[in-house]
>>> print(open('query_5.csv').read())   # CSV, C-alpha atoms and all ligand atoms
chain,number,residue,atom,x,y,z
C,1,MET,CA,11.1,20.5,-17.3
C,2,GLY,CA,10.4,19.1,-20.8
C,3,GLN,CA,7.5,19.8,-23.0
C,4,VAL,CA,4.7,17.3,-23.4
C,5,LEU,CA,2.5,16.9,-26.4
C,6,ILE,CA,-1.2,17.2,-25.9
C,7,LEU,CA,-3.3,15.1,-28.2
C,8,ASN,CA,-7.1,15.2,-28.7
C,9,ALA,CA,-9.1,12.2,-27.5
C,10,GLY,CA,-8.5,9.5,-30.0
C,11,GLY,CA,-4.8,10.5,-30.2
C,12,GLU,CA,-4.9,11.7,-33.8
C,13,GLN,CA,-4.9,15.5,-33.4
C,14,VAL,CA,-2.0,17.4,-31.9
C,15,LEU,CA,-3.4,20.3,-29.9
C,16,GLY,CA,-0.2,21.7,-28.7
C,17,THR,CA,2.5,21.3,-26.1
C,18,VAL,CA,2.5,22.1,-22.3
C,19,THR,CA,5.1,21.8,-19.6
C,20,LEU,CA,5.6,18.5,-17.8
C,21,ARG,CA,4.1,20.1,-14.7
C,22,HIS,CA,1.0,21.1,-16.5
C,23,ALA,CA,0.7,17.6,-18.1
C,24,ILE,CA,1.0,15.9,-14.7
C,25,GLY,CA,-1.7,18.2,-13.4
C,26,MET,CA,-4.0,17.1,-16.3
C,27,LEU,CA,-3.3,13.4,-15.4
C,28,TYR,CA,-4.0,14.2,-11.7
C,29,ARG,CA,-7.3,15.9,-12.6
C,30,GLN,CA,-8.1,12.9,-14.9
C,31,VAL,CA,-8.8,15.2,-17.9
C,32,ALA,CA,-5.9,13.4,-19.8
C,33,ARG,CA,-4.2,10.0,-19.8
C,34,VAL,CA,-0.7,9.1,-20.9
C,35,HIS,CA,-0.5,8.5,-24.6
C,36,GLU,CA,3.2,7.7,-24.8
C,37,ALA,CA,5.5,7.4,-21.9
C,38,VAL,CA,9.3,7.7,-21.7
C,39,PRO,CA,10.4,4.1,-21.2
C,40,GLY,CA,11.5,3.3,-17.7
C,41,ALA,CA,10.9,6.8,-16.3
C,42,SER,CA,8.2,7.9,-13.9
C,43,PHE,CA,7.0,11.1,-12.2
C,44,GLY,CA,5.6,10.3,-8.8
C,45,PRO,CA,2.9,7.7,-9.4
C,46,TYR,CA,2.8,8.4,-13.2
C,47,PRO,CA,4.8,7.1,-16.1
C,48,LEU,CA,6.8,10.1,-17.4
C,49,PRO,CA,4.6,11.2,-20.3
C,50,ARG,CA,6.0,12.1,-23.7
C,51,SER,CA,2.5,12.8,-24.8
C,52,VAL,CA,-0.9,12.8,-23.1
C,53,GLU,CA,-4.3,12.4,-24.7
C,54,LEU,CA,-7.4,14.2,-23.6
C,55,VAL,CA,-10.1,12.0,-22.0
C,56,ARG,CA,-12.9,13.9,-23.7
C,57,TYR,CA,-12.9,15.2,-27.2
C,58,LEU,CA,-12.2,18.9,-27.3
C,59,TYR,CA,-13.9,20.8,-30.1
C,60,THR,CA,-12.0,23.8,-31.0
C,61,ARG,CA,-12.7,26.4,-33.6
C,62,TRP,CA,-9.4,25.8,-35.3
C,63,VAL,CA,-9.9,22.0,-35.4
C,64,TYR,CA,-13.2,22.5,-37.0
C,65,GLU,CA,-11.8,25.0,-39.5
C,66,ALA,CA,-8.9,22.8,-40.3
C,67,THR,CA,-11.1,19.8,-41.2
C,68,GLY,CA,-14.3,21.6,-42.2
C,69,ARG,CA,-16.4,19.1,-40.5
C,70,PRO,CA,-17.2,18.0,-36.9
C,71,PRO,CA,-15.4,14.8,-35.9
C,72,TYR,CA,-17.7,11.7,-36.2
C,73,SER,CA,-19.5,10.7,-33.0
C,74,ARG,CA,-22.2,8.2,-32.3
C,75,GLU,CA,-24.1,10.7,-30.2
C,76,GLY,CA,-23.8,13.2,-33.1
C,77,VAL,CA,-25.4,10.7,-35.5
C,78,LEU,CA,-28.3,10.2,-33.2
C,79,ARG,CA,-28.8,14.0,-32.8
C,80,ARG,CA,-28.4,14.6,-36.6
C,81,ASP,CA,-31.2,12.0,-37.2
C,82,GLN,CA,-33.2,13.4,-34.3
C,83,ARG,CA,-33.2,9.9,-32.8
C,84,ARG,CA,-35.4,8.6,-35.5
C,85,CYS,CA,-34.7,5.3,-37.3
C,86,ALA,CA,-33.4,6.1,-40.8
C,87,TYR,CA,-35.4,3.1,-42.1
C,88,CYS,CA,-38.7,3.2,-40.4
C,89,GLY,CA,-38.9,6.4,-38.4
C,90,ALA,CA,-39.3,4.7,-35.0
C,91,GLU,CA,-37.4,5.9,-32.0
C,92,ALA,CA,-33.7,5.0,-32.6
C,93,SER,CA,-31.1,4.1,-30.0
C,94,THR,CA,-28.5,2.3,-32.2
C,95,ILE,CA,-26.2,3.2,-35.0
C,96,ASP,CA,-26.3,1.3,-38.3
C,97,HIS,CA,-23.5,1.2,-40.8
C,98,VAL,CA,-25.3,1.6,-44.2
C,99,VAL,CA,-22.5,-0.3,-45.9
C,100,PRO,CA,-21.7,-2.9,-43.3
C,101,ARG,CA,-18.2,-2.8,-41.8
C,102,SER,CA,-17.7,-6.4,-43.0
C,103,LYS,CA,-18.1,-5.0,-46.6
C,104,GLY,CA,-15.6,-2.2,-46.0
C,105,GLY,CA,-18.1,0.4,-44.8
C,106,LYS,CA,-16.5,3.2,-42.7
C,107,THR,CA,-17.6,4.6,-39.4
C,108,SER,CA,-18.3,8.0,-40.7
C,109,TRP,CA,-21.1,10.6,-41.0
C,110,THR,CA,-21.9,9.5,-44.5
C,111,ASN,CA,-22.1,5.8,-43.7
C,112,CYS,CA,-23.8,5.8,-40.4
C,113,VAL,CA,-27.4,6.4,-39.5
C,114,ALA,CA,-29.6,6.2,-36.4
C,115,ALA,CA,-31.6,3.0,-36.4
C,116,CYS,CA,-34.1,1.3,-34.2
C,117,TRP,CA,-33.1,-2.1,-32.8
C,118,PRO,CA,-35.5,-4.2,-35.0
C,119,CYS,CA,-34.3,-2.6,-38.2
C,120,ASN,CA,-30.7,-2.8,-37.1
C,121,ASN,CA,-31.2,-6.4,-36.3
C,122,ARG,CA,-32.9,-7.1,-39.5
C,123,LYS,CA,-30.3,-5.4,-41.5
C,124,ALA,CA,-27.4,-6.9,-39.7
C,125,ASP,CA,-24.6,-7.6,-42.1
C,126,LYS,CA,-26.5,-6.7,-45.3
C,127,THR,CA,-26.8,-3.7,-47.5
C,128,PRO,CA,-30.2,-1.9,-47.2
C,129,ALA,CA,-31.3,-3.4,-50.5
C,130,GLN,CA,-30.3,-6.9,-49.5
C,131,ALA,CA,-32.3,-6.5,-46.2
C,132,GLY,CA,-35.3,-5.0,-48.0
C,133,LEU,CA,-34.9,-1.7,-46.2
C,134,ARG,CA,-35.0,1.8,-47.7
C,135,LEU,CA,-33.2,4.8,-46.3
C,136,ARG,CA,-35.6,7.7,-45.5
C,137,VAL,CA,-32.7,10.1,-45.2
C,138,GLU,CA,-29.4,10.6,-46.9
C,139,PRO,CA,-26.6,10.3,-44.4
C,140,ARG,CA,-24.5,13.5,-44.4
C,141,VAL,CA,-22.0,15.6,-42.4
C,142,PRO,CA,-24.0,17.6,-39.9
C,143,SER,CA,-23.4,21.2,-38.9
C,144,LEU,CA,-22.0,21.7,-35.4
C,145,ARG,CA,-25.2,23.4,-34.4
C,146,GLU,CA,-27.3,20.4,-35.4
C,147,ILE,CA,-25.3,18.1,-33.1
C,148,GLY,CA,-25.3,20.6,-30.3
C,149,VAL,CA,-21.6,21.4,-30.2
C,150,ARG,CA,-20.6,24.8,-29.1
C,151,LEU,CA,-17.1,26.0,-30.1
C,152,ARG,CA,-14.9,27.5,-27.4
C,201,ZN,ZN,-36.5,1.1,-37.7
>>> encode(input="query_5.csv", output="structure tokens", more="lines below")
Ligand SMILES: [Zn+2]
Amino acid sequence: MGQVLILNAGGEQVLGTVTLRHAIGMLYRQVARVHEAVPGASFGPYPLPRSVELVRYLYTRWVYEATGRPPYSREGVLRRDQRRCAYCGAEASTIDHVVPRSKGGKTSWTNCVAACWPCNNRKADKTPAQAGLRLRVEPRVPSLREIGVRLR
């Protein structure tokens, strides 16, 4: 039985390797999906995995320590900003890219803020200045505690 690579959700972090049997068990329990398969090979109903990817992001102490920051998440931005619009303070349910994606803005902790729908709509593809909006908060990398992540 070969070894199968386990990748975190998103497929960018290698978490380790497990036996094929273990990997198939993860597919069966639907905690992982096939990331890369061995061409033309199968294992029962599954393509024979070379690597599998977790379905849900696993926060581990070592991943956090390796990167020094929690991985970006939409829900994390809403929690960091306490579900308040970064422009007007109203209840926020959307995420705004401060520098719009069309202008090269990244989906990251320091370029994304919680926003209410009207502000998000008004801002659209503009910078805050162009849209006549002012940020009430400085977007920043949150602590794990702030976004409610417990390390295991
Ligand atoms: Zn707003």
>>> residues_near_point(input="query_5.csv", point="(11.6, 10.1, -18.8)", cutoff="9 Å", atoms="only C-alpha atoms", output="ChimeraX atom specification")
/C:37-43,47-50
>>> closest_residue(input="query_5.csv", among="C:Lys126, C:His35, C:Arg140, C:Arg83", to="Ala9 of chain C", atoms="only C-alpha atoms")
C:His35
>>> closest_residue(input="query_5.csv", among="C:Arg145, C:Arg84, C:Arg101, C:Arg79", to="ligand ZN 201 (chain C)", atoms="only C-alpha atoms and all ligand atoms")
C:Arg84
>>> residues_around(input="query_5.csv", residues="Leu27 of chain C", least_positions_apart="5", cutoff="9 Å", atoms="all atoms listed in the file", output="CSV table (one decimal) with C-alpha atoms, in the coordinates of the input")
chain,number,residue,atom,x,y,z
C,22,HIS,CA,1.0,21.1,-16.5
C,32,ALA,CA,-5.9,13.4,-19.8
C,33,ARG,CA,-4.2,10.0,-19.8
C,34,VAL,CA,-0.7,9.1,-20.9
C,46,TYR,CA,2.8,8.4,-13.2
C,52,VAL,CA,-0.9,12.8,-23.1
>>> residues_around(input="query_5.csv", residues="Lys103 of chain C", least_positions_apart="4", cutoff="10 Å", atoms="all atoms listed in the file", output="PyMOL selection string")
chain C and resi 99+125-127
>>> atom_distance(input="query_5.csv", atom1="atom CA of Gly76 of chain C", atom2="atom CA of Ile147 of chain C")
5.1 Å
>>> closest_residue(input="query_5.csv", among="C:Val55, C:Val98, C:Ala131, C:Leu7", to="Glu36 of chain C", atoms="all atoms listed in the file")
C:Leu7
